[in-house]
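**Q** Below is a structure I'd like to ask you about.
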Amino acid sequence: MPGPSLPPPVGALRDAVRDALDGGTVVVPLPRTTAAPVPAGTALVVRTSGSTGTPREVALTAAALRASATATHERLGGPGRWVLTLPPTHVAGLQVVVRSALAGTPLTAADPDARFTPDGLADLLEPALDAAGGDPVYVSLVPTQVHRLLAAAHEGASRGLAALARCAAVLLGGAASPPALLERAADAGVHVVTTYGMSETAGGCVYDGAPLRGVRVRVVPADLSEPQRGIARPGSDNSRPPELSEAQRGMARRGSDDSGEVGVIELGGPTLAAGYLGDDAATAAAFRTDADGSRWFRTSDLGRLRADGTLQVLGRADDVVVTGGVNVAPAPVEALVGELLGGEACVVGVPDPEWGQALVAVVADPASGGARLSPVDGDDVARVRAAATTRLGAPSAPRRVYRTAALPLRGPGKVDRGGVVALVREHEAHA
């Protein structure tokens with residue numbers, strides 16, 4: 001049975017990407033925001049998500065994209081058919097197109113304007129799986145999409161989840177994947193591979209905590225000038241990673257090895273971008289070169305290297321909430337809230353006269369009704385607070401917990417934390 005044809009814009013994009021990787025015209029899927037020249041060797045110009053401020057244009061070379069796609073297929077066990085569900089304007093969606101173009105394998109794509117639904121995913125996956133003839137089928141998703149697939153299956157609409165379980169691998173990235181979500185997906189037979197990376201690293205470059213071939217990872221401790229475990233010293237820089245409290249240093253997920261020092265993650269290797277277009281200062285600040293010539297990208301994320309050498313990402317440094325003078329990282333609290341209450345959780349700091357910022361959790365629950373926010377039952381709040389106090393320390397216990405039909409998003413799969421804060425403040429102002 002033949003697979004579905006590509007929507008015309010995606011088909012043209014795949015052809016253009018193939019040409020750009022061979023030295024042809026640079027592909028720019030979104031209108032340029034600067035008139036800055038593009039460095040030689042560039043194949044794609046992509047925008048960052050803007051989660052750290054104003055979106056920047058990133059120049060990705062053909063060499064970086066080839067290295068990323070080759071290493072991805074090597075890690076997954078070989079090239080296969082790809083199914084595109086993410087916007088082909090962001091790096092995660094573009095990488096699906098790149099992998100398919102380089103491998104010469106069929107690409108099945110959703111209409112870029114179509115809204116994601118579990119049945120819609122099944123409509124894409126089922127024909128691709130049936131036409132694969134034993135070849136592996138791969139798809140990239142974000143955690144929000146998996147949450148929706150699991151919720152639909154729980155309500156009896158299981159086509160999407162059943163099709164997903166037939167895929168050889170499901171790359172999951174773009175945002176943190178709570179342990180409870182990964183466990184539920186595994187229980188449903190879905191082969192999830194968590195990915196970590198960003199536009200500046202040609203997308204995901206660390207899979208299930210282990211870097212792809214050629215990729216290097218180091219963690220720069222917040223209170224030391226040397227990288228962890230004696231790895232090469234970072235390039236000179238007057239800025240310092242944020243100071244971390246003892247509570248934050250002990251914030252590892254339950255059951256994980258937390259022996260490594262918490263610090264700022266830096267990534268190196270052949271997948272790094274050439275830099276930001278039209279912003280030499282930002283390029284110099286983010287991309288550093290060691291004395292030995294090795295090049296690194298300094299992320300905005302906190303992490304630690306476990307004893308087995310794998311990377312544990314602990315969340316963005318600038319997402320840390322200061323409550324009562326103590327730093328609290330949202331990621332482990334979100335994982336706990338999601339585990340106890342189900343659904344995708346976001347934990348934010350809301351201005352508070354007593355605590356400076358009060359820790360507030362908001363959980364996505366499609367069945368929560370029409371209200372933008374609704375308070376969680378007092379017994380459930382007490383259960384969450386008790387568990388957070390026991391596992392993470394008292395400052396990590398949310399003071400209030402709400403449900404909402406869906407968390408506001410910024411970019412593909414990224415929760416808009418500012419939007420969540422605005423929802424909470426608006427609700428509490430009128431409560």
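Simple scheme: letters A, B, ... for chains in structure tokens order, numbers from 1 for residues in each chain, numbers from 1 for ligands in the order shown.
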Residues at most 6 Å from A:Glu266, counting only C-alpha atoms, excluding those fewer than 4 positions away in the same chain, as a ChimeraX atom specification?
**A** /A:217-218,297-299
**Q** Give me, as a PyMOL selection string, the residues of stretch 50-275 of chain A that a backbone DSSP run labels alpha helix (DSSP H).
**A** chain A and resi 62-76+91-103+118-131+143-154+159-165+179-187+246-249
**Q** Could you dump the residues just selected with C-alpha atoms as an mmCIF file, in the first residue's frame?
**A**
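Result went into out29.cif, see below:
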data_model
loop_
_atom_site.group_PDB
_atom_site.id
_atom_site.type_symbol
_atom_site.label_atom_id
_atom_site.label_comp_id
_atom_site.auth_asym_id
_atom_site.auth_seq_id
_atom_site.Cartn_x
_atom_site.Cartn_y
_atom_site.Cartn_z
ATOM 1 C CA ALA A 62 25.453 21.411 5.841
ATOM 2 C CA ALA A 63 28.282 19.695 7.723
ATOM 3 C CA ALA A 64 26.527 20.138 11.090
ATOM 4 C CA LEU A 65 23.210 18.867 9.736
ATOM 5 C CA ARG A 66 24.833 15.866 8.068
ATOM 6 C CA ALA A 67 26.716 15.009 11.266
ATOM 7 C CA SER A 68 23.498 15.228 13.283
ATOM 8 C CA ALA A 69 21.402 13.115 10.898
ATOM 9 C CA THR A 70 24.123 10.480 10.451
ATOM 10 C CA ALA A 71 24.662 10.142 14.197
ATOM 11 C CA THR A 72 20.907 9.954 14.806
ATOM 12 C CA HIS A 73 20.407 7.091 12.349
ATOM 13 C CA GLU A 74 23.464 5.352 13.785
ATOM 14 C CA ARG A 75 21.997 5.571 17.311
ATOM 15 C CA LEU A 76 18.546 4.412 16.191
ATOM 16 C CA VAL A 91 14.658 22.909 14.165
ATOM 17 C CA ALA A 92 12.957 19.716 15.412
ATOM 18 C CA GLY A 93 10.626 19.567 12.422
ATOM 19 C CA LEU A 94 13.342 20.600 9.993
ATOM 20 C CA GLN A 95 15.600 17.836 11.264
ATOM 21 C CA VAL A 96 12.959 15.262 10.350
ATOM 22 C CA VAL A 97 13.042 16.671 6.816
ATOM 23 C CA VAL A 98 16.874 16.643 6.803
ATOM 24 C CA ARG A 99 17.060 13.010 7.962
ATOM 25 C CA SER A 100 14.595 11.882 5.345
ATOM 26 C CA ALA A 101 16.319 13.863 2.587
ATOM 27 C CA LEU A 102 19.779 12.538 3.433
ATOM 28 C CA ALA A 103 18.607 8.935 3.830
ATOM 29 C CA PRO A 118 -4.523 11.572 18.352
ATOM 30 C CA ASP A 119 -6.695 10.332 15.463
ATOM 31 C CA GLY A 120 -4.895 12.661 13.084
ATOM 32 C CA LEU A 121 -1.578 11.117 14.122
ATOM 33 C CA ALA A 122 -3.027 7.664 13.521
ATOM 34 C CA ASP A 123 -4.093 8.771 10.038
ATOM 35 C CA LEU A 124 -0.444 9.608 9.316
ATOM 36 C CA LEU A 125 1.256 6.692 11.040
ATOM 37 C CA GLU A 126 -0.950 3.784 9.971
ATOM 38 C CA PRO A 127 -0.363 4.103 6.168
ATOM 39 C CA ALA A 128 3.365 4.755 6.711
ATOM 40 C CA LEU A 129 3.663 1.684 8.932
ATOM 41 C CA ASP A 130 1.668 -0.476 6.526
ATOM 42 C CA ALA A 131 3.835 0.638 3.576
ATOM 43 C CA PRO A 143 5.736 15.774 25.553
ATOM 44 C CA THR A 144 2.443 17.634 25.216
ATOM 45 C CA GLN A 145 1.514 15.442 22.252
ATOM 46 C CA VAL A 146 2.273 12.250 24.189
ATOM 47 C CA HIS A 147 0.200 13.526 27.116
ATOM 48 C CA ARG A 148 -2.734 13.960 24.717
ATOM 49 C CA LEU A 149 -2.264 10.510 23.192
ATOM 50 C CA LEU A 150 -2.248 8.875 26.617
ATOM 51 C CA ALA A 151 -5.273 10.886 27.755
ATOM 52 C CA ALA A 152 -7.215 9.917 24.614
ATOM 53 C CA ALA A 153 -6.355 6.250 25.095
ATOM 54 C CA HIS A 154 -7.517 6.454 28.697
ATOM 55 C CA ARG A 159 -5.822 4.507 17.689
ATOM 56 C CA GLY A 160 -3.085 7.116 17.973
ATOM 57 C CA LEU A 161 -1.314 5.432 20.868
ATOM 58 C CA ALA A 162 -1.592 2.009 19.241
ATOM 59 C CA ALA A 163 -0.006 3.334 16.039
ATOM 60 C CA LEU A 164 2.729 5.042 18.018
ATOM 61 C CA ALA A 165 3.590 1.751 19.720
ATOM 62 C CA PRO A 179 9.324 10.377 34.497
ATOM 63 C CA ALA A 180 5.655 9.492 34.988
ATOM 64 C CA LEU A 181 4.944 10.295 31.337
ATOM 65 C CA LEU A 182 7.838 8.123 30.181
ATOM 66 C CA GLU A 183 6.676 5.258 32.394
ATOM 67 C CA ARG A 184 3.114 5.429 31.045
ATOM 68 C CA ALA A 185 4.373 5.518 27.464
ATOM 69 C CA ALA A 186 6.652 2.526 28.098
ATOM 70 C CA ASP A 187 3.756 0.630 29.680
ATOM 71 C CA GLU A 246 21.705 23.282 48.907
ATOM 72 C CA ALA A 247 18.032 22.608 48.162
ATOM 73 C CA GLN A 248 18.657 22.970 44.452
ATOM 74 C CA ARG A 249 21.753 20.775 44.561
#
**Q** Closest to A:Ser368 among A:Gly338, A:Pro395, A:Gly343, A:Gly260, using only C-alpha atoms?
**A** A:Gly343
**Q** Distance atom CA of A:Gly378-atom CA of A:Gly315, one decimal place?
**A**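 Spanning atom CA of A:Gly378 to atom CA of A:Gly315 is a straight-line distance of 28.1 Å.
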**Q** Just the number, please: distance in Å from atom CA of A:Thr289 to atom CA of A:Val220, one decimal.
**A** 14.7 Å
**Q** To one decimal place in Å, what is the distance between atom CA of A:Arg403 and atom CA of A:Ala331?
**A**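 Distance between the two atoms: 17.7 Å.
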**Q** Report as a list of chain:residue names all protein, DNA and RNA residues lying within 10 Å of A:Leu44, evaluated on only C-alpha atoms, omitting residues in the same chain fewer than 2 positions from it.
**A**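 The residues satisfying every condition are A:Val17, A:Ala20, A:Leu21, A:Thr25, A:Val26, A:Val27, A:Val28, A:Pro29, A:Val38, A:Gly41, A:Thr42, A:Val46, A:Arg47, A:Glu57, A:Val58, A:Ala59, A:Leu60, A:Thr61, A:Ala62, A:Leu65, A:Val91, A:Leu94, A:Ala202, A:Ala273.
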**Q** Selected residues, C-alpha atoms, written as a tab-separated table (two decimals), in the first residue's frame, please.
**A**
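Below you can see out_38.tsv, which holds the result:
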chain	number	residue	atom	x	y	z
A	17	VAL	CA	16.73	20.99	1.84
A	20	ALA	CA	20.97	23.06	0.23
A	21	LEU	CA	22.78	20.11	1.81
A	25	THR	CA	20.57	27.77	-2.08
A	26	VAL	CA	20.28	28.27	1.67
A	27	VAL	CA	16.84	27.28	3.03
A	28	VAL	CA	15.13	29.95	5.13
A	29	PRO	CA	11.73	28.61	6.25
A	38	VAL	CA	25.09	34.14	5.76
A	41	GLY	CA	28.65	26.47	4.11
A	42	THR	CA	25.29	27.39	5.63
A	46	VAL	CA	16.43	28.76	11.68
A	47	ARG	CA	15.02	30.89	14.45
A	57	GLU	CA	18.57	33.57	13.60
A	58	VAL	CA	20.92	30.59	13.71
A	59	ALA	CA	23.13	29.56	10.78
A	60	LEU	CA	23.35	25.76	10.50
A	61	THR	CA	25.95	24.40	8.11
A	62	ALA	CA	25.45	21.41	5.84
A	65	LEU	CA	23.21	18.87	9.74
A	91	VAL	CA	14.66	22.91	14.16
A	94	LEU	CA	13.34	20.60	9.99
A	202	ALA	CA	21.23	21.35	15.06
A	273	ALA	CA	25.88	26.05	14.53
**Q** Can you pull out the residues contacting stretch 318-320 of chain A? Cut-off 7 Å, using only C-alpha atoms, and skip same-chain residues under 5 positions away; I want them as a CSV table (one decimal) with C-alpha atoms, in the first residue's frame.
**A**
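Just written: result_35.csv:
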chain,number,residue,atom,x,y,z
A,327,ASN,CA,16.3,28.8,45.1
A,328,VAL,CA,13.9,26.1,43.8
A,329,ALA,CA,14.2,24.6,40.3
A,330,PRO,CA,10.7,23.8,38.8
**Q** Tell me, as an MDAnalysis selection string, which residues lie within 9 Å of stretch 359-361 of chain A, counting only C-alpha atoms; anything in the same chain fewer than 2 positions away does not count.
**A** chainID A and resid 321:323 328 330 333:334 337 345:350 357 363 395:403 421 424
**Q** Mind checking which residues fall within 9 Å of A:Leu340, counting only C-alpha atoms, ignoring those fewer than 6 positions away in the same chain, and posting them as an NGL selection string?
**A** :A and (180 or 380 or 383-384 or 387)
**Q** Pick from A:Gly174, A:Gly104, A:Pro211, A:Gly324: nearest to A:Trp82, with only C-alpha atoms counted?
**A**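 That would be A:Gly104, the residue with the smallest distance to A:Trp82.
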**Q** Enumerate the residues of stretch 22-161 of chain A with a DSSP assignment of strand (DSSP E), computed from the backbone, and present them as a list in words.
**A** Thr42, Ala43, Leu44, Val45, Val46, Arg47, Glu57, Val58, Ala59, Leu60, Thr61, Arg81, Trp82, Val83, Leu84, Leu107, Thr108, Ala109, Val137, Tyr138, Val139, Ser140 and Leu141 of chain A
**Q** List as a PyMOL selection string the protein and nucleic acid residues near A:Leu84, meaning an atom at most 7 Å away when only C-alpha atoms are counted, but skip any in the same chain fewer than 6 places from it.
**A** chain A and resi 93+96+108-110+139-140
